[in-house]
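Text of the file run_32.txt, holding compact mmCIF, C-alpha atoms and all ligand atoms:
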```txt
# COMPACT_ATOMS: atom_id res chain seq x y z
CA VAL A 1 0.58 -20.27 -15.25
CA LYS A 2 -2.89 -19.88 -13.79
CA GLY A 3 -3.65 -17.19 -11.23
CA LEU A 4 -0.71 -14.98 -12.08
CA SER A 5 -1.16 -11.30 -12.88
CA PRO A 6 0.55 -9.92 -16.02
CA ALA A 7 3.44 -8.50 -13.94
CA GLU A 8 3.91 -11.80 -12.14
CA ARG A 9 3.80 -13.76 -15.40
CA LEU A 10 6.48 -11.45 -16.79
CA LEU A 11 8.75 -12.13 -13.80
CA LYS A 12 8.17 -15.88 -14.17
CA ASP A 13 9.06 -15.64 -17.86
CA LEU A 14 12.26 -13.84 -16.89
CA GLY A 15 13.06 -16.71 -14.53
CA VAL A 16 12.76 -14.72 -11.33
CA ASN A 17 12.63 -17.12 -8.38
CA ASP A 18 14.02 -14.92 -5.64
CA PRO A 19 13.16 -11.35 -4.58
CA LYS A 20 16.83 -10.37 -5.08
CA GLU A 21 16.51 -11.16 -8.78
CA ILE A 22 13.88 -8.45 -9.39
CA ASP A 23 15.94 -5.95 -11.37
CA LEU A 24 13.49 -3.23 -12.35
CA GLU A 25 15.71 -1.52 -14.89
CA ALA A 26 16.22 -4.87 -16.63
CA VAL A 27 12.49 -5.55 -16.54
CA ALA A 28 11.88 -2.08 -18.01
CA TRP A 29 14.40 -2.75 -20.75
CA THR A 30 12.68 -5.99 -21.79
CA LEU A 31 9.45 -4.00 -22.09
CA GLY A 32 11.06 -1.33 -24.26
CA ALA A 33 11.42 1.35 -21.62
CA ARG A 34 14.54 3.11 -20.43
CA VAL A 35 14.85 4.46 -16.91
CA LYS A 36 16.47 7.81 -16.16
CA TYR A 37 17.01 9.55 -12.83
CA ARG A 38 16.65 13.32 -12.66
CA PRO A 39 15.79 15.77 -9.91
CA LEU A 40 12.09 16.45 -10.42
CA ASP A 41 10.23 19.25 -8.69
CA ARG A 42 6.61 18.89 -9.64
CA CYS A 43 6.25 15.15 -9.80
CA GLU A 44 7.63 11.86 -8.56
CA ALA A 45 7.93 10.12 -11.91
CA CYS A 46 6.73 10.37 -15.47
CA ILE A 47 6.73 8.43 -18.70
CA SER A 48 6.97 9.62 -22.27
CA GLY A 49 7.25 7.85 -25.56
CA ASP A 50 5.44 6.52 -28.57
CA MET A 51 3.73 3.13 -28.88
CA GLU A 52 7.04 1.25 -29.08
CA ARG A 53 9.60 2.88 -26.82
CA ALA A 54 9.34 4.84 -23.64
CA ILE A 55 11.49 6.78 -21.26
CA ILE A 56 10.66 6.66 -17.61
CA THR A 57 12.02 9.51 -15.53
CA VAL A 58 12.16 9.06 -11.78
CA ASN A 59 12.94 11.69 -9.18
CA SER A 60 16.57 11.15 -8.20
CA ARG A 61 15.99 12.91 -4.87
CA SER A 62 13.56 10.26 -3.61
CA PRO A 63 14.69 7.35 -1.44
CA ARG A 64 15.80 4.27 -3.39
CA ARG A 65 12.87 2.06 -2.40
CA ARG A 66 10.46 4.78 -3.37
CA ARG A 67 12.18 5.08 -6.75
CA ARG A 68 11.82 1.33 -7.28
CA PHE A 69 8.08 1.50 -6.68
CA SER A 70 7.82 4.49 -9.02
CA ILE A 71 9.52 2.53 -11.83
CA GLY A 72 6.98 -0.27 -11.32
CA HIS A 73 4.16 2.27 -11.31
CA GLU A 74 5.31 3.85 -14.59
CA LEU A 75 5.72 0.41 -16.15
CA GLY A 76 2.09 -0.19 -15.19
CA HIS A 77 1.13 2.94 -17.13
CA TRP A 78 3.28 1.72 -20.01
CA GLN A 79 1.45 -1.63 -20.09
CA TYR A 80 -2.07 -0.27 -19.62
CA HIS A 81 -2.15 3.36 -20.70
CA ARG A 82 0.27 3.42 -23.60
CA GLY A 83 0.12 6.51 -25.76
CA ARG A 84 -1.14 8.72 -22.97
CA ILE A 85 1.07 11.28 -21.33
CA LEU A 86 1.03 10.78 -17.61
CA VAL A 87 2.76 12.77 -14.93
CA CYS A 88 2.54 11.19 -11.52
CA ARG A 89 2.72 13.30 -8.43
CA SER A 90 4.05 11.90 -5.20
CA ASP A 91 0.48 11.63 -3.90
CA ASP A 92 -0.58 9.59 -6.94
CA ILE A 93 1.85 6.76 -6.27
CA GLY A 94 1.45 4.07 -3.64
CA ARG A 95 -1.78 4.75 -1.77
CA GLY A 96 -3.66 1.46 -1.67
CA ARG A 97 -6.64 0.15 -3.60
CA ARG A 98 -9.36 2.37 -2.13
CA ASN A 99 -8.02 5.82 -2.93
CA ALA A 100 -6.41 6.94 -6.15
CA SER A 101 -8.09 7.39 -9.53
CA PRO A 102 -8.45 4.25 -11.70
CA PRO A 103 -5.31 4.69 -13.84
CA GLU A 104 -3.19 5.36 -10.76
CA ARG A 105 -4.67 2.39 -8.96
CA ILE A 106 -3.95 0.11 -11.90
CA ALA A 107 -0.37 1.37 -12.06
CA ASP A 108 0.06 0.85 -8.30
CA ALA A 109 -1.30 -2.68 -8.49
CA TYR A 110 1.14 -3.42 -11.31
CA ALA A 111 4.03 -2.02 -9.26
CA ALA A 112 3.05 -4.07 -6.21
CA ASP A 113 2.90 -7.24 -8.33
CA LEU A 114 6.28 -6.47 -9.83
CA LEU A 115 8.09 -5.62 -6.59
CA MET A 116 6.30 -8.13 -4.38
CA PRO A 117 4.91 -10.86 -6.66
CA ALA A 118 2.40 -12.99 -4.79
CA TYR A 119 4.17 -16.23 -5.70
CA LEU A 120 7.23 -15.03 -3.73
CA PHE A 121 5.54 -12.69 -1.26
CA LYS A 122 2.98 -15.11 0.18
CA PRO A 123 5.52 -17.83 1.04
CA ALA A 124 7.88 -15.22 2.53
CA ALA A 125 5.05 -13.71 4.60
CA ARG A 126 4.13 -17.10 6.02
CA ALA A 127 7.36 -17.02 8.03
CA TYR A 128 5.86 -14.08 9.98
CA PRO A 129 2.49 -15.14 11.37
CA LYS A 130 1.80 -11.82 13.08
CA LEU A 131 0.61 -8.79 11.11
CA ASP A 132 2.54 -5.94 12.70
CA PHE A 133 5.28 -3.49 11.71
CA THR A 134 8.03 -5.94 12.71
CA THR A 135 6.73 -8.18 9.93
CA VAL A 136 6.37 -5.20 7.58
CA ARG A 137 9.99 -4.14 8.16
CA ALA A 138 11.35 -7.66 7.70
CA LEU A 139 9.49 -8.19 4.42
CA ALA A 140 10.34 -4.68 3.21
CA ASP A 141 14.02 -5.64 3.55
CA VAL A 142 13.52 -8.93 1.71
CA PHE A 143 11.71 -7.25 -1.20
CA ASP A 144 13.61 -3.95 -1.15
CA ALA A 145 10.32 -2.07 -0.94
CA SER A 146 9.22 0.83 1.27
CA TYR A 147 7.44 0.20 4.57
CA THR A 148 4.34 1.81 3.09
CA ALA A 149 4.26 -0.35 -0.05
CA THR A 150 4.96 -3.49 1.98
CA ALA A 151 2.29 -2.70 4.58
CA ILE A 152 -0.28 -2.11 1.81
CA ARG A 153 0.69 -5.40 0.17
CA LEU A 154 0.41 -7.36 3.43
CA VAL A 155 -2.98 -5.90 4.28
CA GLU A 156 -4.41 -6.29 0.78
CA ILE A 157 -3.10 -9.82 0.34
CA GLY A 158 -5.04 -10.91 3.43
CA HIS A 159 -2.28 -11.74 5.91
CA ALA A 160 -4.83 -10.93 8.64
CA TYR A 161 -7.94 -8.74 8.69
CA ALA A 162 -6.78 -5.18 9.07
CA VAL A 163 -7.22 -1.57 8.07
CA LEU A 164 -4.12 0.47 7.21
CA VAL A 165 -4.45 4.24 7.54
CA CYS A 166 -2.07 7.03 6.62
CA HIS A 167 -2.38 10.35 8.43
CA GLY A 168 -0.61 13.64 7.93
CA ARG A 169 -0.92 17.00 9.71
CA GLU A 170 -4.19 17.68 7.93
CA GLY A 171 -5.81 14.41 8.91
CA ARG A 172 -6.37 11.14 7.09
CA LYS A 173 -4.61 10.96 3.70
CA TRP A 174 -5.65 7.51 2.55
CA PHE A 175 -6.51 4.07 3.81
CA THR A 176 -6.83 0.53 2.58
CA SER A 177 -8.27 -2.63 4.07
CA THR A 178 -8.17 -6.37 3.67
CA PRO A 179 -10.82 -7.73 1.29
CA GLY A 180 -13.56 -9.06 3.58
CA VAL A 181 -13.38 -6.18 6.06
CA PRO A 182 -16.88 -4.66 5.79
CA GLU A 183 -17.19 -1.20 4.23
CA ARG A 184 -18.66 0.23 7.42
CA TRP A 185 -15.20 0.12 9.02
CA PHE A 186 -14.22 3.37 7.38
CA PRO A 187 -11.49 5.00 9.48
CA ARG A 188 -11.97 8.39 11.12
CA LYS A 189 -10.44 11.45 9.53
CA ASP A 190 -8.96 12.72 12.79
CA LEU A 191 -6.77 11.01 15.38
CA ASP A 192 -8.12 10.02 18.78
CA GLU A 193 -6.19 11.09 21.90
CA GLU A 194 -6.58 7.56 23.32
CA SER A 195 -4.31 6.37 20.55
CA SER A 196 -0.56 6.86 20.52
CA ALA A 197 -0.83 8.02 16.90
CA PRO A 198 -1.14 11.80 17.56
CA ASP A 199 2.05 11.81 19.65
CA ILE A 200 3.93 9.84 17.02
CA LEU A 201 2.74 12.24 14.31
CA SER A 202 3.87 15.27 16.30
CA GLY A 203 7.21 13.65 17.15
CA ARG A 204 6.55 13.73 20.91
CA THR A 205 7.10 9.96 21.07
CA GLY A 206 8.77 7.36 18.90
CA ASP A 207 7.14 4.52 16.97
CA ASP A 208 4.95 1.99 18.77
CA ALA A 209 7.10 -1.04 19.58
CA GLY A 210 4.25 -3.47 18.98
CA LEU A 211 0.52 -3.93 18.67
CA ARG A 212 -1.60 -2.79 21.58
CA LYS A 213 -5.25 -3.11 22.44
CA ILE A 214 -7.55 -0.10 22.06
CA GLY A 215 -11.27 0.53 21.81
CA ALA A 216 -12.41 0.36 18.18
CA ASP A 217 -14.12 3.75 18.60
CA ALA A 218 -10.67 5.37 18.63
CA TRP A 219 -10.48 4.53 14.92
CA PHE A 220 -14.06 4.17 13.73
CA ASP A 221 -16.82 6.70 14.17
CA ARG A 222 -19.75 4.36 14.65
CA THR A 223 -21.90 3.64 17.69
CA GLU A 224 -21.29 -0.10 17.46
CA ALA A 225 -17.51 0.54 17.57
CA GLY A 226 -17.88 1.10 21.32
CA ARG A 227 -18.50 -2.63 21.75
CA TYR A 228 -15.25 -3.80 20.18
CA GLU A 229 -11.54 -3.76 20.72
CA VAL A 230 -8.89 -3.76 17.99
CA LEU A 231 -5.10 -3.86 17.97
CA GLU A 232 -3.23 -0.77 16.84
CA GLN A 233 0.36 0.05 15.96
CA THR A 234 1.66 3.30 14.49
CA ILE A 235 5.00 4.19 12.95
CA SER A 236 6.25 7.36 11.40
CA VAL A 237 7.17 7.23 7.71
CA GLY A 238 8.91 10.30 6.39
CA SER A 239 8.24 13.78 7.69
CA ASP A 240 4.76 14.58 8.95
CA GLU A 241 3.33 11.24 7.94
CA ILE A 242 2.35 8.19 9.98
CA LEU A 243 1.05 4.74 9.14
CA SER A 244 -1.32 2.96 11.51
CA LEU A 245 -2.21 -0.70 11.39
CA ILE A 246 -5.56 -1.57 12.92
CA VAL A 247 -5.85 -5.32 13.23
CA ILE A 248 -9.35 -6.72 13.59
CA GLY A 249 -9.53 -9.89 15.65
CA ASP A 250 -13.19 -9.83 16.68
CA GLU A 251 -15.17 -11.93 14.22
CA GLU A 252 -18.35 -10.00 14.91
CA MET A 253 -16.72 -6.94 13.33
CA LEU A 254 -16.30 -8.95 10.14
CA GLU A 255 -19.93 -9.88 9.83
CA GLU A 256 -21.83 -8.05 7.10
CA THR A 257 -24.17 -6.42 9.30
CA GLU A 258 -27.22 -6.35 11.24
CA SER A 259 -27.81 -2.71 10.30
CA PHE A 260 -28.66 -3.79 6.75
CA SER A 261 -31.05 -6.50 7.93
CA ALA A 262 -32.48 -4.11 10.50
CA ARG A 263 -33.12 -1.58 7.77
CA ARG A 264 -34.78 -4.21 5.62
CA ARG A 265 -37.23 -5.14 8.37
ZN ZN B 301 0.74 7.35 -12.24
```

Translate the structure of the given file into structure tokens.
Amino acid sequence: VKGLSPAERLLKDLGVNDPKEIDLEAVAWTLGARVKYRPLDRCEACISGDMERAIITVNSRSPRRRRRFSIGHELGHWQYHRGRILVCRSDDIGRGRRNASPPERIADAYAADLLMPAYLFKPAARAYPKLDFTTVRALADVFDASYTATAIRLVEIGHAYAVLVCHGREGRKWFTSTPGVPERWFPRKDLDEESSAPDILSGRTGDDAGLRKIGADAWFDRTEAGRYEVLEQTISVGSDEILSLIVIGDEEMLEETESFSARRR
């Protein structure tokens, strides 16, 4: 079928027509890989094997949805980086298209396609017109994926124009954005006190209940940001880690800019 990625074509070939039918261990088996669960200290998952057969080991201490994504990630390595020994740390898996090294990004994209194939994900997402964490949570339950993986998928698939940022105690960890959001909207490393994000990170307050309006300069360190407003919502995911959705509604922010034409003049 046209327009399907390799992972999506595989699911189609297996007759998967419902998110509940995505059985990752069965998918692994059809690809010649066996999945084992072991407590791992130094990594989240790894794959070993020759050119024909592989064993994927996933950290048994991680939450179930995280383990599912890790299996998809290792299967991506199996499909694209066969014959190489790869050990994937927790920080290598599931960080969005703008961050990790190329092999990790390819493996993440494969995992996202396997857990949330576009041919099922896009129709399911259409039932939730608003891009916020209520939508993320609902779709995460449908696809049995983590909030982080689901939020990345929604933003990257173009549900609405948005930037998704992950912060930890040491500042920004990674971010991703919808294709079409200009490169100049590169999120700040620190958290602005105007935003509710610092309080959610420190545990002083709970998750934001919904999107709220805030000056774009709270998130983007550019003079022109002072002219715009965006919508923000932050939730905590795991210990010492928050996810913030910054939804861009102002079409002027999406224009590829005046600063380039100004420079050219
Ligand atoms: Zn990896």

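If only C-alpha atoms and all ligand atoms are the atoms counted, then among A:Val35, A:Leu10, A:Ile85, A:Leu201 the closest residue to ligand ZN 301 (chain B) is A:Ile85.
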
Go through the chains and note each residue within 7 Å of ligand ZN 301 (chain B), using all atoms listed in the file, then give the set as a compact mmCIF listing (two decimals) with C-alpha atoms, keeping the file's coordinate frame.
```
# COMPACT_ATOMS: atom_id res chain seq x y z
CA HIS A 73 4.16 2.27 -11.31
CA GLU A 74 5.31 3.85 -14.59
CA HIS A 77 1.13 2.94 -17.13
CA LEU A 86 1.03 10.78 -17.61
CA VAL A 87 2.76 12.77 -14.93
CA CYS A 88 2.54 11.19 -11.52
CA ASP A 92 -0.58 9.59 -6.94
CA ILE A 93 1.85 6.76 -6.27
CA PRO A 103 -5.31 4.69 -13.84
CA GLU A 104 -3.19 5.36 -10.76
CA ALA A 107 -0.37 1.37 -12.06
```

Distance of CA of Ala100 in chain A from CA of Thr134 in chain A, expressed in Å to one decimal place: 27.0 Å

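CA of Gly72 in chain A is found 28.1 Å from CA of Gln233 in chain A.
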
Surrounding residues of range 154-156 of chain A excluding itself and chain neighbours under 5 positions, 12 Å, all atoms listed in the file, as number ranges by chain: A: 95-98, 109, 112-113, 116-118, 121-126, 128-133, 135-140, 147-149, 161-165, 175-181, 244-248

Near-Gly32 in chain A list (8 Å; all atoms listed in the file; drop same-chain fewer than 5 positions) as JSON, numbers by chain: {"A": [52, 53, 54]}

Nearby residues (all atoms listed in the file) at most 9 Å from Leu191 in chain A, same-chain spacing under 2 positions excluded, as JSON, numbers by chain: {"A": [167, 171, 172, 188, 189, 193, 194, 195, 197, 198, 218, 219]}

Separation of CA of Gly210 in chain A from CA of Ile157 in chain A, in Å and rounded to one decimal: 21.0 Å

Got a sec: who's within 10 Å of Gly215 in chain A, counting only C-alpha atoms, leaving out chain neighbours fewer than 5 positions off, as an mmCIF file with C-alpha atoms, in the frame of the given file?
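Full text of out.cif as output:
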```cif
data_model
loop_
_atom_site.group_PDB
_atom_site.id
_atom_site.type_symbol
_atom_site.label_atom_id
_atom_site.label_comp_id
_atom_site.auth_asym_id
_atom_site.auth_seq_id
_atom_site.Cartn_x
_atom_site.Cartn_y
_atom_site.Cartn_z
ATOM 1 C CA GLU A 194 -6.580 7.560 23.320
ATOM 2 C CA SER A 195 -4.310 6.370 20.550
ATOM 3 C CA PHE A 220 -14.060 4.170 13.730
ATOM 4 C CA ALA A 225 -17.510 0.540 17.570
ATOM 5 C CA GLY A 226 -17.880 1.100 21.320
ATOM 6 C CA ARG A 227 -18.500 -2.630 21.750
ATOM 7 C CA TYR A 228 -15.250 -3.800 20.180
ATOM 8 C CA GLU A 229 -11.540 -3.760 20.720
ATOM 9 C CA VAL A 230 -8.890 -3.760 17.990
ATOM 10 C CA LEU A 231 -5.100 -3.860 17.970
ATOM 11 C CA GLU A 232 -3.230 -0.770 16.840
#
```

Contacts of Asn17 in chain A within 9 Å, all atoms listed in the file, excl. fewer than 5 positions in-chain, as JSON, numbers by chain: {"A": [11, 12, 22, 119, 120]}

Output C-alpha atoms for every residue in the selection just made, as an mmCIF file, in the coordinates of the input.
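File produced: part-v3.cif:
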```cif
data_model
loop_
_atom_site.group_PDB
_atom_site.id
_atom_site.type_symbol
_atom_site.label_atom_id
_atom_site.label_comp_id
_atom_site.auth_asym_id
_atom_site.auth_seq_id
_atom_site.Cartn_x
_atom_site.Cartn_y
_atom_site.Cartn_z
ATOM 1 C CA LEU A 11 8.750 -12.130 -13.800
ATOM 2 C CA LYS A 12 8.170 -15.880 -14.170
ATOM 3 C CA ILE A 22 13.880 -8.450 -9.390
ATOM 4 C CA TYR A 119 4.170 -16.230 -5.700
ATOM 5 C CA LEU A 120 7.230 -15.030 -3.730
#
```

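With distances taken over all atoms listed in the file, A:Ala111 is the one residue among A:Arg65, A:Ala111, A:Ser239, A:Leu254 lying closest to Ser5 in chain A.
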
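Counting all atoms listed in the file and comparing A:Met51, A:Ala7, A:Val58, A:Leu115, the residue that lies closest to Gly76 in chain A is A:Ala7.
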